[in-house]
>>> print(open('entry-v1.txt').read())   # compact mmCIF, C-alpha atoms
# COMPACT_ATOMS: atom_id res chain seq x y z
CA MET A 1 99.47 87.93 59.58
CA PRO A 2 103.22 87.22 59.77
CA ASP A 3 105.51 90.18 59.19
CA GLN A 4 107.45 89.56 55.96
CA GLN A 5 110.02 92.24 56.73
CA LEU A 6 110.66 90.89 60.24
CA LEU A 7 111.27 87.38 58.88
CA ARG A 8 113.77 88.79 56.36
CA GLU A 9 115.51 90.74 59.12
CA LEU A 10 115.80 87.62 61.26
CA GLN A 11 116.96 85.31 58.47
CA THR A 12 119.33 87.59 56.52
CA PRO A 13 122.21 87.46 59.06
CA LEU A 14 121.90 83.68 59.21
CA LYS A 15 121.90 83.34 55.43
CA GLU A 16 124.96 85.57 55.21
CA LEU A 17 126.74 83.52 57.87
CA TYR A 18 125.87 80.25 56.12
CA ALA A 19 127.10 81.62 52.77
CA ARG A 20 130.45 82.62 54.35
CA GLN A 21 130.89 79.63 56.66
CA GLY A 22 129.11 76.57 55.33
CA ASP A 23 129.94 74.45 58.37
CA ALA A 24 128.03 76.91 60.59
CA ALA A 25 124.87 75.75 58.80
CA VAL A 26 125.38 72.08 59.70
CA ILE A 27 123.20 71.39 62.72
CA VAL A 28 122.60 68.12 64.56
CA LEU A 29 119.00 67.78 65.71
CA SER A 30 118.39 65.26 68.45
CA ALA A 31 115.65 63.43 70.28
CA GLU A 32 115.54 60.73 72.93
CA GLY A 33 113.03 58.40 74.46
CA GLU A 34 112.67 55.60 76.97
CA VAL A 35 111.12 52.26 76.08
CA ASP A 36 108.12 51.23 78.20
CA PHE A 37 108.25 47.43 78.33
CA GLU A 38 105.19 47.23 80.59
CA ARG A 39 102.92 48.88 78.03
CA ILE A 40 104.97 47.89 74.95
CA GLY A 41 105.52 51.50 74.00
CA CYS A 42 107.92 54.38 74.25
CA ARG A 43 107.94 57.81 75.95
CA VAL A 44 109.52 60.96 74.57
CA PRO A 45 109.54 64.34 76.27
CA LEU A 46 107.29 67.00 74.76
CA LEU A 47 109.11 69.56 72.71
CA GLN A 48 108.43 73.24 73.34
CA ASN A 49 104.71 74.00 73.14
CA ASP A 50 101.93 75.84 74.93
CA GLY A 51 100.71 72.84 76.97
CA LYS A 52 97.50 72.54 74.93
CA SER A 53 98.64 71.60 71.46
CA LEU A 54 101.90 70.87 69.80
CA HIS A 55 103.16 73.97 68.02
CA ALA A 56 105.90 73.52 65.45
CA GLY A 57 107.90 76.37 64.00
CA LEU A 58 111.24 77.45 62.68
CA HIS A 59 114.37 75.98 64.24
CA PRO A 60 116.69 78.65 65.73
CA ALA A 61 119.11 77.92 62.86
CA ALA A 62 116.35 79.22 60.53
CA ALA A 63 115.57 82.27 62.73
CA GLY A 64 113.05 80.56 65.01
CA ASN A 65 112.81 81.68 68.62
CA GLY A 66 113.22 78.17 70.08
CA LEU A 67 109.79 78.25 71.74
CA MET A 68 108.15 75.88 69.29
CA ALA A 69 108.91 72.31 68.34
CA CYS A 70 111.17 71.80 65.35
CA SER A 71 109.62 69.55 62.70
CA GLY A 72 112.95 67.77 62.22
CA GLU A 73 113.05 66.91 65.92
CA LEU A 74 109.44 65.70 65.68
CA LEU A 75 110.50 63.41 62.84
CA LEU A 76 113.26 62.00 65.05
CA GLN A 77 110.79 61.58 67.92
CA SER A 78 108.47 59.69 65.59
CA LEU A 79 111.35 57.37 64.71
CA ILE A 80 112.19 56.87 68.40
CA THR A 81 108.61 56.13 69.47
CA CYS A 82 108.16 53.63 66.64
CA ALA A 83 111.54 51.97 67.29
CA GLY A 84 110.84 51.91 71.04
CA THR A 85 107.45 50.30 70.62
CA THR A 86 108.92 47.82 68.15
CA VAL A 87 111.89 46.89 70.35
CA ALA A 88 109.51 46.35 73.29
CA ALA A 89 107.24 44.10 71.20
CA VAL A 90 110.13 42.12 69.72
CA ALA A 91 111.86 41.70 73.10
CA THR A 92 108.60 40.51 74.62
CA ALA A 93 107.97 38.09 71.74
CA MET A 94 111.51 36.69 72.08
CA GLY A 95 111.27 36.39 75.86
CA PHE A 96 114.16 38.81 76.44
CA ARG A 97 114.25 40.69 79.72
CA ILE A 98 115.42 44.24 79.20
CA ASP A 99 115.71 46.26 82.41
CA ARG A 100 115.96 49.59 80.62
CA CYS A 101 116.33 50.85 77.08
CA GLU A 102 116.88 54.44 76.03
CA ILE A 103 116.86 55.38 72.38
CA LEU A 104 118.66 58.43 71.08
CA ALA A 105 118.41 59.78 67.55
CA LYS A 106 120.57 62.41 65.90
CA GLY A 107 119.76 63.90 62.55
CA THR A 108 122.34 66.00 60.73
CA MET A 109 121.18 68.66 58.32
CA ASP A 110 122.77 71.57 56.52
CA PHE A 111 120.59 74.66 56.82
CA ARG A 112 122.09 76.19 53.67
CA GLY A 113 119.68 73.96 51.74
CA THR A 114 116.51 74.75 53.67
CA MET A 115 117.39 78.47 53.83
CA GLY A 116 117.98 78.68 50.07
CA VAL A 117 121.60 79.78 50.54
CA ASP A 118 123.07 77.05 48.30
CA ARG A 119 120.91 75.18 45.79
CA ASN A 120 123.49 72.36 45.65
CA VAL A 121 122.92 71.50 49.33
CA PRO A 122 120.02 69.10 49.90
CA VAL A 123 117.04 70.30 51.92
CA GLY A 124 116.37 68.22 55.02
CA ILE A 125 118.12 65.72 57.22
CA GLN A 126 120.91 63.93 55.37
CA GLN A 127 122.00 61.48 58.09
CA VAL A 128 120.15 59.84 60.97
CA ASP A 129 122.00 57.96 63.70
CA LEU A 130 120.00 55.82 66.11
CA LEU A 131 121.46 54.51 69.38
CA PHE A 132 119.84 51.86 71.59
CA ARG A 133 121.27 52.05 75.11
CA MET A 134 120.19 48.88 76.96
CA THR A 135 120.56 47.61 80.48
CA THR A 136 120.02 43.87 80.21
CA SER A 137 121.43 40.44 80.94
CA ILE A 138 121.05 39.22 77.34
CA ASP A 139 124.32 38.83 75.44
CA ALA A 140 125.63 41.04 72.62
CA GLU A 141 124.51 38.61 69.91
CA GLN A 142 120.95 38.52 71.24
CA ALA A 143 120.89 42.30 71.62
CA GLY A 144 122.18 42.69 68.07
CA LYS A 145 119.42 40.40 66.81
CA LEU A 146 116.86 42.42 68.79
CA VAL A 147 118.03 45.67 67.18
CA SER A 148 118.18 44.06 63.74
CA LEU A 149 114.58 42.85 64.05
CA THR A 150 113.55 46.25 65.36
CA GLU A 151 115.04 47.87 62.25
CA ARG A 152 113.20 45.34 60.08
CA TYR A 153 109.76 45.83 61.64
CA CYS A 154 109.81 49.50 62.64
CA VAL A 155 107.45 51.29 60.24
CA VAL A 156 109.06 54.72 60.53
CA TYR A 157 112.60 53.32 60.23
CA GLN A 158 111.67 51.40 57.10
CA THR A 159 109.83 54.39 55.64
CA LEU A 160 112.89 56.61 56.08
CA ALA A 161 115.31 53.94 54.88
CA ALA A 162 113.25 53.26 51.74
CA SER A 163 113.10 56.94 50.73
CA VAL A 164 109.40 56.53 50.05
CA ALA A 165 107.77 58.49 47.24
CA VAL A 166 105.84 61.50 48.48
CA SER A 167 103.30 63.45 46.45
CA THR A 168 101.72 66.85 46.92
CA ASP A 169 98.36 68.19 45.80
CA LEU A 170 96.64 71.53 46.22
CA GLU A 171 93.04 72.47 46.85
CA LEU A 172 92.26 76.19 46.88
CA LEU A 173 89.22 77.33 48.86
CA PRO A 174 87.71 80.79 48.60
CA ALA A 175 88.81 83.20 51.30
CA ALA A 176 86.23 84.78 53.55
CA VAL A 177 85.67 88.44 52.71
>>> encode(input="entry-v1.txt", output="structure tokens")
Amino acid sequence: MPDQQLLRELQTPLKELYARQGDAAVIVLSAEGEVDFERIGCRVPLLQNDGKSLHAGLHPAAAGNGLMACSGELLLQSLITCAGTTVAAVATAMGFRIDRCEILAKGTMDFRGTMGVDRNVPVGIQQVDLLFRMTTSIDAEQAGKLVSLTERYCVVYQTLAASVAVSTDLELLPAAV
């Protein structure tokens, strides 16, 4: 059972800092991946975990210890893997030879929202920047078209860009006694 008092002790100094210095709460999460044109896919490094399963937890800016994956970084990795797979498929379909393509994503969020320090600050990532770094002989116009089509057909990109409706439900099960 998590220790409620310990969590308060860890988060209180951060909340106080964020209340005094709002810009200290603005954190840029990041992720990167490399497109695999041979398999039409994309590789991203594993975030912190135990080697058996992916464990997500609090980001250090929310009093996490940094030993577990941050869900915001996982979201960015999901975007990168989808965009990487899509760019590989589109490049292949268009007959473009891309020697190498790295994709970097940065997501900016203000932890005052997620920490409940300021109710006027949105919870979550407010800005995502995606960079395609390509080594290729195709020209800038072709590369621009490739990225444009990747944006158009990347499921995760389109889901984020559309601000899709999300619903929540609850099912309570009896606890074992």
>>> closest_residue(input="entry-v1.txt", among="A:Leu79, A:Cys101, A:Val128, A:Ala143", to="Ile40 (chain A)", atoms="all atoms listed in the file")
A:Cys101
>>> atom_distance(input="entry-v1.txt", atom1="CA of Ala83 (chain A)", atom2="CA of Val35 (chain A)")
8.8 Å
>>> atom_distance(input="entry-v1.txt", atom1="CA of Thr150 (chain A)", atom2="CA of Gly72 (chain A)")
21.8 Å
>>> closest_residue(input="entry-v1.txt", among="A:Gly84, A:Gly107, A:Pro45, A:Pro122", to="Val156 (chain A)", atoms="only C-alpha atoms")
A:Gly84
>>> closest_residue(input="entry-v1.txt", among="A:Phe96, A:Asn120, A:Arg152, A:Leu173", to="Thr136 (chain A)", atoms="all atoms listed in the file")
A:Phe96
>>> atom_distance(input="entry-v1.txt", atom1="CA of Glu38 (chain A)", atom2="CA of Ala88 (chain A)")
8.5 Å
>>> residues_around(input="entry-v1.txt", residues="Gly22 (chain A)", least_positions_apart="4", cutoff="12 Å", atoms="all atoms listed in the file", output="PDB file with C-alpha atoms, in the coordinates of the input")
ATOM      1  CA  LEU A  14     121.900  83.680  59.210  1.00  0.00           C
ATOM      2  CA  LYS A  15     121.900  83.340  55.430  1.00  0.00           C
ATOM      3  CA  GLU A  16     124.960  85.570  55.210  1.00  0.00           C
ATOM      4  CA  LEU A  17     126.740  83.520  57.870  1.00  0.00           C
ATOM      5  CA  TYR A  18     125.870  80.250  56.120  1.00  0.00           C
ATOM      6  CA  VAL A  26     125.380  72.080  59.700  1.00  0.00           C
ATOM      7  CA  ILE A  27     123.200  71.390  62.720  1.00  0.00           C
ATOM      8  CA  MET A 109     121.180  68.660  58.320  1.00  0.00           C
ATOM      9  CA  ASP A 110     122.770  71.570  56.520  1.00  0.00           C
ATOM     10  CA  PHE A 111     120.590  74.660  56.820  1.00  0.00           C
ATOM     11  CA  ARG A 112     122.090  76.190  53.670  1.00  0.00           C
ATOM     12  CA  GLY A 113     119.680  73.960  51.740  1.00  0.00           C
ATOM     13  CA  MET A 115     117.390  78.470  53.830  1.00  0.00           C
ATOM     14  CA  VAL A 117     121.600  79.780  50.540  1.00  0.00           C
ATOM     15  CA  ASP A 118     123.070  77.050  48.300  1.00  0.00           C
ATOM     16  CA  ASN A 120     123.490  72.360  45.650  1.00  0.00           C
ATOM     17  CA  VAL A 121     122.920  71.500  49.330  1.00  0.00           C
TER      18      VAL A 121
END
>>> residues_around(input="entry-v1.txt", residues="Met134 (chain A)", least_positions_apart="4", cutoff="9 Å", atoms="all atoms listed in the file", output="list in words")
Ile98, Asp99, Arg100, Cys101, Glu102, Ile103 and Ala143 of chain A
>>> closest_residue(input="entry-v1.txt", among="A:Ala93, A:Leu146, A:Val155, A:Glu73", to="Glu32 (chain A)", atoms="only C-alpha atoms")
A:Glu73
>>> residues_around(input="entry-v1.txt", residues="Ala31 (chain A)", least_positions_apart="3", cutoff="8 Å", atoms="all atoms listed in the file", output="list in words")
Val44, Glu73, Leu76, Gln77, Ile80, Leu104, Ala105 and Lys106 of chain A
>>> residues_around(input="entry-v1.txt", residues="region 50-59 of chain A", least_positions_apart="6", cutoff="8 Å", atoms="only C-alpha atoms", output="PDB file with C-alpha atoms, keeping the file's coordinate frame")
ATOM      1  CA  ASN A  65     112.810  81.680  68.620  1.00  0.00           C
ATOM      2  CA  GLY A  66     113.220  78.170  70.080  1.00  0.00           C
ATOM      3  CA  MET A  68     108.150  75.880  69.290  1.00  0.00           C
ATOM      4  CA  ALA A  69     108.910  72.310  68.340  1.00  0.00           C
ATOM      5  CA  CYS A  70     111.170  71.800  65.350  1.00  0.00           C
ATOM      6  CA  SER A  71     109.620  69.550  62.700  1.00  0.00           C
TER       7      SER A  71
END
>>> closest_residue(input="entry-v1.txt", among="A:Gln21, A:Thr168, A:Ser78, A:Gln11", to="Gly116 (chain A)", atoms="only C-alpha atoms")
A:Gln11
